[in-house]
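Visitor: Enclosed is the structure file coords02.txt (compact mmCIF, C-alpha atoms).
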```
# COMPACT_ATOMS: atom_id res chain seq x y z
CA MET A 656 -18.88 14.86 -11.82
CA ASN A 657 -20.55 18.27 -11.51
CA ASN A 658 -19.76 21.05 -13.97
CA GLN A 659 -17.80 23.13 -11.48
CA LEU A 660 -15.51 20.24 -10.55
CA GLN A 661 -15.09 19.28 -14.19
CA LYS A 662 -13.91 22.79 -15.10
CA LYS A 663 -11.39 22.77 -12.26
CA LEU A 664 -10.04 19.38 -13.28
CA GLU A 665 -9.75 20.45 -16.92
CA LYS A 666 -7.77 23.49 -15.78
CA LEU A 667 -5.45 21.28 -13.70
CA ALA A 668 -4.99 18.81 -16.58
CA SER A 669 -3.94 21.66 -18.89
CA GLN A 670 -0.96 22.48 -16.68
CA ASP A 671 2.47 20.83 -16.58
CA VAL A 672 1.60 17.95 -14.25
CA GLY A 673 2.70 14.84 -16.22
CA GLN A 674 0.50 12.28 -17.95
CA VAL A 675 -3.23 12.83 -17.47
CA ALA A 676 -6.35 10.76 -18.17
CA PHE A 677 -10.01 11.38 -17.45
CA SER A 678 -12.32 8.61 -16.17
CA GLU A 679 -9.42 6.18 -15.68
CA LEU A 680 -10.50 2.83 -14.24
CA LEU A 681 -8.80 2.32 -10.88
CA SER A 682 -9.18 -1.45 -11.17
CA GLN A 683 -6.22 -1.21 -13.56
CA HIS A 684 -4.04 0.42 -10.89
CA ASN A 685 -4.32 -1.78 -7.81
CA SER A 686 -3.46 -5.38 -7.01
CA TRP A 687 -7.03 -6.34 -6.03
CA LYS A 688 -8.28 -5.32 -9.52
CA ILE A 689 -11.27 -3.59 -7.94
CA GLY A 690 -12.56 -0.04 -8.25
CA GLY A 691 -14.45 2.39 -10.46
CA ALA A 692 -13.13 5.40 -12.35
CA ALA A 693 -11.15 8.40 -11.11
CA ASP A 694 -12.40 11.71 -12.45
CA LEU A 695 -8.78 12.69 -13.21
CA PHE A 696 -5.76 10.38 -13.10
CA ILE A 697 -2.26 11.94 -13.11
CA GLU A 698 1.20 10.36 -13.24
CA PRO A 699 3.87 13.03 -12.62
CA ASP A 700 7.47 13.00 -13.82
CA ASN A 701 9.09 15.09 -11.08
CA PHE A 702 8.85 16.99 -7.78
CA LYS A 703 7.72 20.22 -9.47
CA GLN A 704 4.71 18.57 -11.08
CA ILE A 705 3.73 16.97 -7.78
CA ALA A 706 3.92 20.37 -6.08
CA THR A 707 1.73 21.91 -8.80
CA VAL A 708 -0.94 19.25 -8.26
CA LEU A 709 -0.87 19.55 -4.48
CA ARG A 710 -1.15 23.35 -4.50
CA PHE A 711 -4.00 23.26 -7.02
CA VAL A 712 -6.11 20.65 -5.21
CA SER A 713 -5.50 22.41 -1.87
CA VAL A 714 -6.60 25.83 -3.12
CA ASN A 715 -9.57 24.40 -5.01
CA GLN A 716 -10.57 21.89 -2.30
CA ILE A 717 -10.47 18.90 -4.66
CA PRO A 718 -10.22 15.37 -3.21
CA LEU A 719 -6.80 13.79 -3.82
CA VAL A 720 -5.69 10.17 -3.48
CA VAL A 721 -2.01 9.27 -3.86
CA ILE A 722 -1.06 5.75 -4.93
CA GLY A 723 1.96 3.68 -5.93
CA GLN A 724 1.22 0.14 -7.07
CA GLY A 725 -2.04 0.16 -5.12
CA THR A 726 -1.11 -2.98 -3.20
CA ASN A 727 -2.67 -1.94 0.10
CA LEU A 728 -5.82 -0.19 -1.14
CA LEU A 729 -9.46 -1.11 -1.68
CA PHE A 730 -11.13 1.34 -4.07
CA ASP A 731 -14.89 1.67 -4.05
CA ASP A 732 -16.79 0.58 -7.16
CA ALA A 733 -17.91 4.21 -7.46
CA GLY A 734 -14.28 5.28 -8.00
CA VAL A 735 -12.98 8.68 -6.84
CA ARG A 736 -14.65 12.03 -7.38
CA GLY A 737 -11.46 14.00 -7.70
CA VAL A 738 -7.80 13.38 -8.51
CA VAL A 739 -5.78 10.18 -8.21
CA LEU A 740 -2.03 10.85 -8.37
CA LYS A 741 0.22 7.88 -9.14
CA ILE A 742 3.88 7.96 -8.11
CA GLY A 743 5.24 5.38 -10.53
CA GLU A 744 8.03 4.40 -12.89
CA LYS A 745 8.98 7.97 -13.77
CA MET A 746 10.05 8.57 -10.19
CA ALA A 747 11.75 5.24 -9.58
CA ASP A 748 15.50 5.96 -9.68
CA ILE A 749 17.77 4.03 -7.28
CA GLN A 750 21.33 5.06 -6.42
CA ILE A 751 23.75 3.19 -4.16
CA SER A 752 26.97 4.53 -2.62
CA ALA A 753 28.81 2.64 0.13
CA ASN A 754 26.14 1.79 2.74
CA THR A 755 23.66 4.40 1.51
CA ILE A 756 20.74 3.77 -0.84
CA VAL A 757 18.69 6.66 -2.22
CA ALA A 758 15.46 5.58 -3.92
CA GLY A 759 12.63 7.47 -5.59
CA GLY A 760 9.16 7.08 -4.14
CA GLY A 761 8.02 5.19 -7.24
CA ALA A 762 10.80 2.58 -7.12
CA TRP A 763 9.58 -1.02 -7.11
CA VAL A 764 10.43 -2.68 -3.79
CA PRO A 765 11.65 -6.04 -5.21
CA GLN A 766 14.04 -4.17 -7.52
CA LEU A 767 15.35 -2.13 -4.58
CA THR A 768 16.03 -5.26 -2.54
CA ARG A 769 17.77 -7.03 -5.42
CA MET A 770 20.03 -4.03 -6.05
CA ALA A 771 20.87 -3.92 -2.33
CA MET A 772 21.77 -7.62 -2.44
CA GLN A 773 23.97 -7.15 -5.52
CA ALA A 774 25.79 -4.33 -3.69
CA GLY A 775 26.32 -6.57 -0.65
CA LEU A 776 23.99 -4.58 1.58
CA SER A 777 21.76 -6.33 4.10
CA GLY A 778 18.66 -5.41 6.09
CA LEU A 779 16.11 -5.37 3.28
CA GLU A 780 15.81 -9.15 2.75
CA HIS A 781 12.39 -9.21 4.40
CA CYS A 782 11.04 -6.85 1.71
CA ILE A 783 11.90 -9.01 -1.33
CA GLY A 784 8.38 -10.36 -1.78
CA ILE A 785 6.51 -7.09 -1.28
CA PRO A 786 5.15 -5.95 -4.67
CA GLY A 787 4.70 -2.26 -3.88
CA THR A 788 6.58 1.01 -4.26
CA VAL A 789 9.10 2.49 -1.87
CA GLY A 790 6.87 5.47 -1.07
CA GLY A 791 4.00 3.25 0.01
CA LEU A 792 6.35 0.94 1.91
CA VAL A 793 7.77 3.84 3.92
CA MET A 794 4.35 5.43 4.50
CA MET A 795 3.06 2.17 6.03
CA ASN A 796 6.43 1.11 7.52
CA GLY A 797 5.90 -2.05 5.51
CA GLY A 798 7.89 -5.26 5.70
CA SER A 799 7.49 -8.86 6.76
CA GLN A 800 8.59 -11.15 9.60
CA ARG A 801 7.43 -8.34 11.92
CA LYS A 802 10.18 -6.09 10.57
CA GLY A 803 9.66 -2.65 8.97
CA ILE A 804 11.52 -0.54 6.42
CA GLY A 805 11.65 2.25 9.01
CA GLU A 806 14.55 0.47 10.72
CA ASN A 807 16.77 1.39 7.76
CA VAL A 808 15.45 4.89 7.03
CA VAL A 809 17.81 7.84 7.44
CA THR A 810 15.70 10.56 5.84
CA VAL A 811 12.46 10.80 3.88
CA THR A 812 11.85 13.60 1.37
CA VAL A 813 8.22 14.60 1.00
CA VAL A 814 6.14 17.22 -0.74
CA ASN A 815 3.53 18.51 1.70
CA ASN A 816 -0.01 19.56 0.90
CA ALA A 817 1.15 23.16 0.40
CA GLY A 818 3.47 21.99 -2.38
CA ILE A 819 6.62 22.52 -0.27
CA THR A 820 9.46 19.98 -0.24
CA GLN A 821 10.62 18.85 3.20
CA GLN A 822 13.22 16.39 4.45
CA LEU A 823 12.26 14.41 7.54
CA SER A 824 14.53 12.40 9.82
CA GLN A 825 13.82 8.85 10.94
CA SER A 826 12.67 10.10 14.35
CA GLU A 827 10.33 12.67 12.81
CA CYS A 828 8.66 9.87 10.85
CA ASP A 829 7.84 8.15 14.16
CA PHE A 830 7.86 4.62 12.78
CA SER A 831 6.02 1.85 14.61
CA TYR A 832 4.52 -1.47 13.53
CA ARG A 833 2.90 -0.84 10.11
CA HIS A 834 2.57 2.85 10.91
CA SER A 835 4.33 6.17 10.53
CA ALA A 836 3.59 9.84 11.21
CA LEU A 837 3.39 10.30 7.42
CA GLN A 838 0.01 8.57 7.30
CA GLY A 839 -2.82 11.06 7.15
CA SER A 840 -0.41 13.99 6.85
CA GLY A 841 -1.34 14.76 3.24
CA CYS A 842 2.30 14.60 2.17
CA ILE A 843 3.77 12.53 -0.67
CA VAL A 844 6.96 10.50 -0.29
CA THR A 845 9.22 11.36 -3.23
CA ARG A 846 12.63 10.09 -2.08
CA VAL A 847 14.03 7.90 0.68
CA GLU A 848 17.58 7.57 2.02
CA LEU A 849 18.35 4.21 3.61
CA ASN A 850 21.35 2.94 5.55
CA CYS A 851 22.08 -0.76 5.15
CA PRO A 852 24.98 -2.62 6.79
CA ALA A 853 27.39 -4.59 4.65
CA GLY A 854 26.70 -8.30 4.45
CA ASP A 855 27.68 -11.44 2.60
CA VAL A 856 26.10 -11.45 -0.88
CA LYS A 857 25.64 -15.24 -0.92
CA LYS A 858 23.90 -15.25 2.46
CA ILE A 859 21.67 -12.31 1.51
CA ARG A 860 20.70 -14.11 -1.70
CA ARG A 861 19.97 -17.34 0.17
CA ASP A 862 17.76 -15.49 2.66
CA MET A 863 15.86 -13.78 -0.15
CA LEU A 864 15.34 -17.01 -2.07
CA ALA A 865 14.13 -18.72 1.10
CA ASP A 866 11.64 -15.90 1.68
CA LEU A 867 10.36 -16.12 -1.91
CA ARG A 868 10.02 -19.93 -1.69
CA ASN A 869 8.07 -19.55 1.53
CA ARG A 870 5.78 -16.98 -0.07
CA ARG A 871 5.15 -19.15 -3.12
CA HIS A 872 4.18 -22.02 -0.85
CA LYS A 873 2.01 -20.06 1.59
CA PHE A 874 0.51 -17.14 -0.30
CA PRO A 875 -1.85 -16.90 -3.31
CA ARG A 876 0.13 -15.57 -6.27
CA LYS A 877 -2.10 -16.07 -9.28
CA GLN A 878 -5.30 -14.48 -7.94
CA PRO A 879 -5.64 -10.72 -7.41
CA ASN A 880 -5.22 -9.77 -3.75
CA CYS A 881 -3.89 -6.95 -1.57
CA GLY A 882 -1.51 -9.03 0.52
CA SER A 883 -2.22 -9.36 4.23
CA VAL A 884 -5.65 -7.94 5.08
CA PHE A 885 -5.51 -7.95 8.89
CA LEU A 886 -2.86 -6.63 11.25
CA SER A 887 -1.07 -8.83 13.73
CA THR A 888 -0.75 -7.65 17.32
CA THR A 889 1.87 -8.71 19.84
CA ALA A 890 -0.78 -9.84 22.35
CA MET A 891 -2.69 -11.92 19.85
CA HIS A 892 0.42 -13.35 18.18
CA SER A 893 1.90 -14.49 21.49
CA THR A 894 -1.29 -16.17 22.75
CA VAL A 895 -3.28 -17.52 19.78
CA GLY A 896 -1.05 -16.86 16.77
CA PRO A 897 -1.02 -14.61 13.68
CA PRO A 898 -4.22 -13.50 11.89
CA GLY A 899 -4.06 -16.23 9.23
CA LYS A 900 -4.05 -18.99 11.86
CA VAL A 901 -6.74 -17.28 13.92
CA ILE A 902 -9.05 -16.92 10.90
CA GLU A 903 -8.44 -20.52 9.83
CA ASP A 904 -9.07 -21.80 13.38
CA ALA A 905 -12.41 -19.96 13.29
CA GLY A 906 -13.36 -22.11 10.30
CA LEU A 907 -13.41 -19.29 7.80
CA LYS A 908 -10.82 -20.43 5.25
CA GLY A 909 -12.47 -20.62 1.82
CA LEU A 910 -15.50 -18.53 2.84
CA ARG A 911 -16.90 -16.74 -0.19
CA VAL A 912 -19.06 -13.64 -0.68
CA GLY A 913 -19.93 -12.86 -4.28
CA ASN A 914 -16.65 -13.19 -6.18
CA ALA A 915 -14.40 -12.55 -3.17
CA GLU A 916 -12.99 -15.44 -1.14
CA ILE A 917 -10.84 -15.96 1.93
CA SER A 918 -7.87 -17.65 0.31
CA GLN A 919 -7.63 -21.44 0.42
CA GLN A 920 -3.86 -21.02 0.78
CA HIS A 921 -3.62 -18.39 3.51
CA ALA A 922 -6.59 -17.13 5.51
CA ASN A 923 -5.20 -13.59 5.96
CA PHE A 924 -5.57 -13.05 2.22
CA ILE A 925 -8.82 -12.25 0.42
CA VAL A 926 -8.70 -13.03 -3.30
CA ASN A 927 -10.71 -11.67 -6.20
CA LEU A 928 -12.03 -14.69 -8.11
CA GLY A 929 -13.02 -12.41 -11.00
CA GLY A 930 -15.33 -9.43 -10.89
CA ALA A 931 -15.42 -9.07 -7.10
CA SER A 932 -16.89 -5.80 -5.85
CA SER A 933 -15.64 -3.58 -3.06
CA LYS A 934 -18.78 -4.51 -1.12
CA ASP A 935 -17.95 -8.24 -1.45
CA ILE A 936 -14.59 -7.56 0.22
CA LEU A 937 -16.05 -5.40 2.96
CA ILE A 938 -18.74 -7.96 3.83
CA LEU A 939 -16.05 -10.64 4.19
CA ILE A 940 -13.97 -8.35 6.40
CA LYS A 941 -16.97 -7.65 8.64
CA HIS A 942 -17.84 -11.35 8.89
CA VAL A 943 -14.25 -12.35 9.75
CA ARG A 944 -14.06 -9.72 12.50
CA GLN A 945 -17.35 -10.83 14.02
CA LYS A 946 -16.47 -14.53 14.00
CA VAL A 947 -12.95 -14.02 15.40
CA ARG A 948 -14.34 -11.75 18.13
CA GLU A 949 -16.84 -14.46 19.08
CA HIS A 950 -14.23 -17.23 18.81
CA ILE A 951 -11.31 -15.79 20.79
CA GLY A 952 -12.29 -12.30 21.93
CA PHE A 953 -9.65 -10.44 19.89
CA GLU A 954 -10.40 -7.58 17.51
CA LEU A 955 -8.88 -7.96 14.04
CA ASP A 956 -8.11 -4.54 12.57
CA CYS A 957 -7.25 -4.07 8.90
CA GLU A 958 -3.89 -3.25 7.41
CA VAL A 959 -5.57 -2.49 4.07
CA ARG A 960 -7.08 0.98 3.51
CA TYR A 961 -10.50 1.59 1.96
CA VAL A 962 -10.67 4.60 -0.38
CA GLN A 963 -13.99 6.41 -0.14
CA PRO A 964 -15.40 8.05 -3.29
CA ASP A 965 -14.62 11.42 -1.69
CA GLY A 966 -10.94 10.44 -1.51
CA ILE A 967 -10.74 9.85 2.24
CA LEU A 968 -8.77 6.75 3.29
CA VAL A 969 -9.83 4.74 6.33
CA PRO A 970 -8.84 1.31 7.63
CA ALA A 971 -11.12 -1.07 5.75
CA HIS A 972 -12.66 -2.51 8.92
CA ILE A 973 -14.08 0.90 9.80
CA GLN A 974 -16.00 1.00 6.53
CA ALA A 975 -16.93 -2.68 6.85
CA ASP A 976 -18.47 -2.11 10.27
CA LYS A 977 -20.90 0.39 8.70
CA LEU A 978 -22.51 -2.27 6.51
```
Could you quickly redo this structure as structure tokens?

Guide:
Amino acid sequence: MNNQLQKKLEKLASQDVGQVAFSELLSQHNSWKIGGAADLFIEPDNFKQIATVLRFVSVNQIPLVVIGQGTNLLFDDAGVRGVVLKIGEKMADIQISANTIVAGGGAWVPQLTRMAMQAGLSGLEHCIGIPGTVGGLVMMNGGSQRKGIGENVVTVTVVNNAGITQQLSQSECDFSYRHSALQGSGCIVTRVELNCPAGDVKKIRRDMLADLRNRRHKFPRKQPNCGSVFLSTTAMHSTVGPPGKVIEDAGLKGLRVGNAEISQQHANFIVNLGGASSKDILILIKHVRQKVREHIGFELDCEVRYVQPDGILVPAHIQADKL
């Protein structure tokens, strides 16, 4: 960190922005357990503190990375030369009234789905096994079984990069498969309003338990991973199957680079066997893409985002292709 940046970050840390830490290891804040240190790590308590951070980094041209549980991110071993802002437990309130659920951006997705089930509200069963935060889920239109949380969104409250709070409608978010207009906008999801139809509590519980059993059987749970690495496409899924099957059919299941391995359980997962580097992961991603392209002619793009040391997020395959 150069002296000029250090002075700016010290000034930011002295303001009312929440909990702050210098040189915080990012490997402690993502599910892959990979990544170097952030120059300044901040966990805010409220909207006002978020706005303060966003205005400051905008005026001072400081790189900013916003995270929740870090379940869909690959941090570089060099860390981030700037600010990492975590929307976490302090912004995780969940309120339910009739068919409406209002959740903070830091709310844990499994908790949200369980509370919906207890209230007899359906539509979120497919999210039960997703170990991320609501803000990240909405940003990526996350879900499973080819469903997305965007189907249930009524409004999304964000703080934009000018520090101004805005409320966006479902249509303004422009949800599509694992995508929304929020991505790359520089805004932070702070609150989400969902509409969920009434359902039978016993059936909702059965569906959730079935989903969790399926995940325990199919997916690696005890080794650090980011969840699904590669995106499924309609064309590929309908002709040759989902990414996991395609990668396995190409003979890549169990392939290892350094301490990163294509999971023995599910080939669309890459696990950290202990001490894996960001480069290990990227080399595996590049190799998988090349082999699948040669094998069936389809391009496998990444769902996971790579975080450059300058704070810019790109689909991990874009960085992998540069190696």

Visitor: In Å, how far is it from atom CA of Gly778 of chain A to atom CA of Ser799 of chain A?

Guide: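 Separating atom CA of Gly778 of chain A from atom CA of Ser799 of chain A is a distance of 11.7 Å.
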
Visitor: To one decimal place in Å, what is the distance between atom CA of Leu937 of chain A and atom CA of Leu886 of chain A?

Guide: 15.6 Å

Visitor: Counting all atoms listed in the file, what is within 7 Å of Trp687 of chain A, bar same-chain residues fewer than 6 positions away, as a ChimeraX atom specification?

Guide: /A:879-881,927

Visitor: What separation in Å, quoted to one decimal, exists between atom CA of Gly909 of chain A and atom CA of Leu939 of chain A?

Guide: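 So the two atoms, atom CA of Gly909 of chain A and atom CA of Leu939 of chain A, lie 10.9 Å apart.
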
Visitor: When you look at segment 812-821 of chain A with a cut-off of 7 Å (counting all atoms listed in the file), what residues show up, excluding the ones that are within fewer than 3 positions of it in the same chain? I need them as a PyMOL selection string.

Guide: chain A and resi 706-707+709-710+713+841-847

Visitor: Determine, counting all atoms listed in the file, which protein, DNA and RNA residues have an atom within 6 Å of an atom of segment 912-915 of chain A; residues of the same chain fewer than 4 positions away are not included. Present the result as number ranges by chain.

Guide: A: 926-928, 931, 935

Visitor: Ranking A:Gln674, A:Ser883, A:Ser840, A:Asn715 by minimum distance to Asp700 of chain A and counting only C-alpha atoms, which one comes first?

Guide: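 For Asp700 of chain A, the nearest of the candidates is A:Gln674.
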
Visitor: May I ask which of the residues A:Phe702, A:Tyr832, A:Trp763, A:Phe696 is the closest one to Gly723 of chain A, counting all atoms listed in the file?

Guide: A:Trp763

Visitor: The residues within 12 Å of (-15.0, -13.7, 12.1), using all atoms listed in the file and the coordinates of the file, should be reported as a short mmCIF file (atom, residue, chain, number, x, y, z; two decimals) with C-alpha atoms, keeping the file's coordinate frame; which are they?

Guide:
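Ended up saving to selection_37.cif:
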```cif
data_model
loop_
_atom_site.label_atom_id
_atom_site.label_comp_id
_atom_site.auth_asym_id
_atom_site.auth_seq_id
_atom_site.Cartn_x
_atom_site.Cartn_y
_atom_site.Cartn_z
CA PHE A 885 -5.51 -7.95 8.89
CA PRO A 898 -4.22 -13.50 11.89
CA GLY A 899 -4.06 -16.23 9.23
CA VAL A 901 -6.74 -17.28 13.92
CA ILE A 902 -9.05 -16.92 10.90
CA GLU A 903 -8.44 -20.52 9.83
CA ASP A 904 -9.07 -21.80 13.38
CA ALA A 905 -12.41 -19.96 13.29
CA GLY A 906 -13.36 -22.11 10.30
CA LEU A 907 -13.41 -19.29 7.80
CA LYS A 908 -10.82 -20.43 5.25
CA LEU A 910 -15.50 -18.53 2.84
CA ILE A 917 -10.84 -15.96 1.93
CA ALA A 922 -6.59 -17.13 5.51
CA ASN A 923 -5.20 -13.59 5.96
CA ILE A 938 -18.74 -7.96 3.83
CA LEU A 939 -16.05 -10.64 4.19
CA ILE A 940 -13.97 -8.35 6.40
CA LYS A 941 -16.97 -7.65 8.64
CA HIS A 942 -17.84 -11.35 8.89
CA VAL A 943 -14.25 -12.35 9.75
CA ARG A 944 -14.06 -9.72 12.50
CA GLN A 945 -17.35 -10.83 14.02
CA LYS A 946 -16.47 -14.53 14.00
CA VAL A 947 -12.95 -14.02 15.40
CA ARG A 948 -14.34 -11.75 18.13
CA GLU A 949 -16.84 -14.46 19.08
CA HIS A 950 -14.23 -17.23 18.81
CA ILE A 951 -11.31 -15.79 20.79
CA GLY A 952 -12.29 -12.30 21.93
CA PHE A 953 -9.65 -10.44 19.89
CA GLU A 954 -10.40 -7.58 17.51
CA LEU A 955 -8.88 -7.96 14.04
CA ASP A 956 -8.11 -4.54 12.57
CA HIS A 972 -12.66 -2.51 8.92
#
```

Visitor: Would you pick out the contacts of Ile967 of chain A at 8 Å or less, using only C-alpha atoms, so that residues sharing its chain but fewer than 4 positions from it are not included, and give the list as a list in words?

Guide: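 The contact residues come out as Pro718, Val720, Val962 and Gln963 of chain A.
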
Visitor: If you count all atoms listed in the file, which residues fall within 7 Å of segment 743-760 of chain A, apart from same-chain ones fewer than 2 positions away, as a PyMOL selection string?

Guide: chain A and resi 698+700-701+723+741+762+776+788-790+844-853

Visitor: Counting only C-alpha atoms, find the residues whose atoms lie at most 12 Å from (10.8, 4.4, 9.2) (file coordinates) and write them out as an MDAnalysis selection string.

Guide: chainID A and resid 789:798 802:811 823:838 844 847:850

Visitor: Which residue gives the smallest distance to Gly854 of chain A among A:Val708, A:Ala676, A:Ile689, A:Ala774, with only C-alpha atoms counted?

Guide: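 Answer, going by the shortest atom-to-atom distance: A:Ala774.
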
Visitor: For Phe677 of chain A, which residue among A:Gly896, A:Pro765, A:Pro699, A:Gly737 is the nearest when counting only C-alpha atoms?

Guide: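 Result for the nearest residue to Phe677 of chain A: A:Gly737.
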
Visitor: Hey, which of A:His872, A:Asp731, A:Val764, A:Gln724 ends up closest to Val969 of chain A? Count only C-alpha atoms.

Guide: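 Nearest candidate to Val969 of chain A out of A:His872, A:Asp731, A:Val764, A:Gln724: A:Asp731.
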
Visitor: Pick from A:Asp694, A:Ile705, A:Ala865, A:Ala975: nearest to Asn658 of chain A, with only C-alpha atoms counted?

Guide: A:Asp694
